[in-house]
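Reading through the structure tokens given below for one structure.
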Amino acid sequence: MIGRRRGPDEAEREAGWRRPDASMSLLSDLFAGKLLDPGYAEAAARRAADGGTRARAGRLRGSGTLAVLVAIGVLIAAAGAQVRRGEPVAAKERARLIDQIHARTGETDALQRRLGRLRADTGRERAAALARSAAGRRVRQDLAAQAAAAAAEPAAGRGLVVTVDDAPGTGGDRAGASGGRVYDQDLQVLVNGLWAAGATAIGINGRRLTPVTAIRTAGEAILVDYRALSGPYEVTALGDPDRMRSAFTGSAADRRLRALEDRYGLRYGTRRTSGARLPAAGALRLRYAAPAPGAGG
């Protein structure tokens, strides 16, 4: 009896024989584009879906950023337009305030000149009344000495003129060139040095100084007796110019100004004058008064 003829695969299975490339079936599947496990396909699909979601979210974020930038641009443009519209109004208001300052300053100066004329008339009348007796003449001499000490009368004569000014190129940059500025303490030291050198009367830019004159600063302005002055500052000191120059040279005030000149470029110079004139100072306001020692009555 002839049995059924077996094929090669069946014979191999019966003999326990396997293909030599059976262990490389994974590589064969990969090269063939097949996946070993359906889980890999699911994971790849999830990654693809997540990528699309992130892309959509990125596009939304980009759109939101663009909208914010556009809104900021619109706000900046609106603010700029508002500032441009407000500039003429601010300029007009500033010009109006400046005109008011000039007007009030002019009125004050006119009143000061009138006060000077009235004081001169009063002085002449008083001198004429005191000249009628010997006692009156002695009183007049005492009053003249006291008036000179209190800067209540005009003064004229020889003297020194000390000029100080900001360093060249200082301009309005107070923070960048503060060392090249003239400050109130510089003028205070200068005035005290001239008094110590023998000055009999001192004025700054035509403003007569008294024993109680204040030299202060307000913002960027120097105030002398509460009146704003601007540079260059000319400090006129009446007295013997040779004696004052000799006493002032090398003093603490002179050394200070020389150091500022050398280090910061502050302008500083001294010259003699033969015909300086200083007006009388403003009327003093007495805050306290007491009888002089030994005064009768």
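Lettering and numbering for the structure tokens are positional, with chains as A, B, ... in the shown order, residues counted from 1 in each chain, and ligands counted from 1 in the shown order.
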Set the distance at 8 Å and use only C-alpha atoms: which residues neighbour A:Gly265 once local chain neighbours fewer than 5 positions away are removed? I'd like the list as an MDAnalysis selection string. chainID A and resid 166:168 180 260
Quick one: distance from atom CA of A:Pro232 to atom CA of A:Ala252 in Å, one decimal?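 Between atom CA of A:Pro232 and atom CA of A:Ala252 the gap works out to 21.3 Å.
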As a PyMOL selection string, please: all residues of stretch 52-296 of chain A that backbone DSSP puts in strand (DSSP E or B). chain A and resi 155-165+201-204+207-208+215-218+221-224+227-229+233-238+267-278
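Excluding A:Ala148 itself and same-chain residues fewer than 6 positions from it, the residues having an atom within 12 Å of it are Gln141, Asp142, Pro154, Ala155, Ala156, Thr200, Ala201, Ile202, Arg208, Leu209, Thr210, Pro211, Leu238, Leu278, Pro279, Ala280 and Ala281 of chain A, counting only C-alpha atoms.
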9 Å contact set for A:Glu220, only C-alpha atoms, chain neighbours under 2 positions out, as an MDAnalysis selection string: chainID A and resid 174 183 217:218 222
Export of the given selection (N, CA and C atoms) as a PDB file, in the first residue's frame:
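This is the output file part24.pdb:
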```
ATOM      1  N   ARG A 174      22.580 119.057  35.808  1.00  0.00           N
ATOM      2  CA  ARG A 174      23.030 119.261  37.184  1.00  0.00           C
ATOM      3  C   ARG A 174      23.610 117.982  37.759  1.00  0.00           C
ATOM      4  N   TYR A 183      27.384 126.862  44.147  1.00  0.00           N
ATOM      5  CA  TYR A 183      26.316 126.611  45.107  1.00  0.00           C
ATOM      6  C   TYR A 183      26.280 127.722  46.152  1.00  0.00           C
ATOM      7  N   THR A 217      19.651 128.250  48.775  1.00  0.00           N
ATOM      8  CA  THR A 217      19.341 127.681  47.467  1.00  0.00           C
ATOM      9  C   THR A 217      17.923 127.138  47.466  1.00  0.00           C
ATOM     10  N   ALA A 218      17.275 127.224  46.307  1.00  0.00           N
ATOM     11  CA  ALA A 218      15.932 126.671  46.117  1.00  0.00           C
ATOM     12  C   ALA A 218      15.908 126.022  44.749  1.00  0.00           C
ATOM     13  N   ILE A 222      19.976 130.194  43.270  1.00  0.00           N
ATOM     14  CA  ILE A 222      20.575 130.718  44.489  1.00  0.00           C
ATOM     15  C   ILE A 222      19.792 131.957  44.888  1.00  0.00           C
TER      16      ILE A 222
END
```
Neighbouring residues of A:Asp165 were defined as those with any atom within 8 Å, considering only C-alpha atoms; residues of the same chain fewer than 6 positions away were excluded. Please report them as a list in words.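 Result of the neighbour search: Arg181, Val182, Gly231, Pro232, Tyr233, Leu266, Arg267 and Tyr268 of chain A.
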Go ahead and save the picked residues with C-alpha atoms, as an mmCIF file, in the first residue's frame.
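Once everything was written out, this is selection.cif:
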```
data_model
loop_
_atom_site.group_PDB
_atom_site.id
_atom_site.type_symbol
_atom_site.label_atom_id
_atom_site.label_comp_id
_atom_site.auth_asym_id
_atom_site.auth_seq_id
_atom_site.Cartn_x
_atom_site.Cartn_y
_atom_site.Cartn_z
ATOM 1 C CA ARG A 181 28.201 124.376 39.657
ATOM 2 C CA VAL A 182 28.310 127.373 41.964
ATOM 3 C CA GLY A 231 25.385 133.518 37.199
ATOM 4 C CA PRO A 232 27.894 134.863 36.702
ATOM 5 C CA TYR A 233 27.933 136.001 40.313
ATOM 6 C CA LEU A 266 34.654 126.560 37.906
ATOM 7 C CA ARG A 267 35.332 130.107 36.676
ATOM 8 C CA TYR A 268 36.919 132.313 39.326
#
```
Every residue of stretch 202-292 of chain A that DSSP places in helix (DSSP H, G or I), as a PyMOL selection string: chain A and resi 241-248+252-264
Residue contacts of A:Gln112 (12 Å, only C-alpha atoms) excluding same-chain residues fewer than 5 positions away, as JSON, numbers by chain: {"A": [105, 106, 107, 117, 118, 119, 279, 280, 281, 282, 283]}
How about saving the chosen residues, C-alpha atoms kept, as a PDB file, in the first residue's frame?
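Result file is selection_31.pdb:
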```pdb
ATOM      1  CA  THR A 105       8.814 140.904  39.818  1.00  0.00           C
ATOM      2  CA  GLY A 106       8.395 144.190  37.966  1.00  0.00           C
ATOM      3  CA  GLU A 107       5.822 145.368  40.497  1.00  0.00           C
ATOM      4  CA  ARG A 117      13.053 157.329  47.186  1.00  0.00           C
ATOM      5  CA  LEU A 118      10.863 157.692  50.272  1.00  0.00           C
ATOM      6  CA  ARG A 119      13.712 156.574  52.518  1.00  0.00           C
ATOM      7  CA  PRO A 279      22.486 150.493  46.928  1.00  0.00           C
ATOM      8  CA  ALA A 280      20.956 150.471  50.356  1.00  0.00           C
ATOM      9  CA  ALA A 281      19.556 147.185  51.524  1.00  0.00           C
ATOM     10  CA  GLY A 282      15.896 146.599  52.110  1.00  0.00           C
ATOM     11  CA  ALA A 283      14.308 147.579  55.380  1.00  0.00           C
TER      12      ALA A 283
END
```
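For A:Asn205, the set of protein, DNA and RNA residues having any atom at most 12 Å away, when counting only C-alpha atoms and skipping those fewer than 5 positions along the same chain, is Val161, Val162, Thr163, Val164, Leu187, Ile222, Leu223, Val224, Arg227, Ala228, Leu229, Ser230, Gly231, Pro232, Tyr233, Glu234, Val235, Thr236, Ala237, Ala276, Arg277, Leu278 and Pro279 of chain A.
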Atom CA of A:Gly206 and atom CA of A:Gly116 are how many Å apart? 14.5 Å
A:Ala128, A:Ala103, A:Ala199, A:Val191: which is nearest A:Ala214, counting only C-alpha atoms? A:Val191
Atom pair atom CA of A:Leu97 / atom CA of A:Gly219: separation (Å): 17.4 Å
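Each of A:Arg126, A:Glu261, A:Ala221, A:Ala151 was compared to A:Val139 using only C-alpha atoms, and A:Arg126 turns out to be the nearest.
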For each of A:Ile101, A:Ile76, A:Leu115, A:Asp186, take the minimum atom-to-atom distance to A:Arg258, counting only C-alpha atoms, then give the residue where this is smallest.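 The closest residue to A:Arg258 is A:Asp186.
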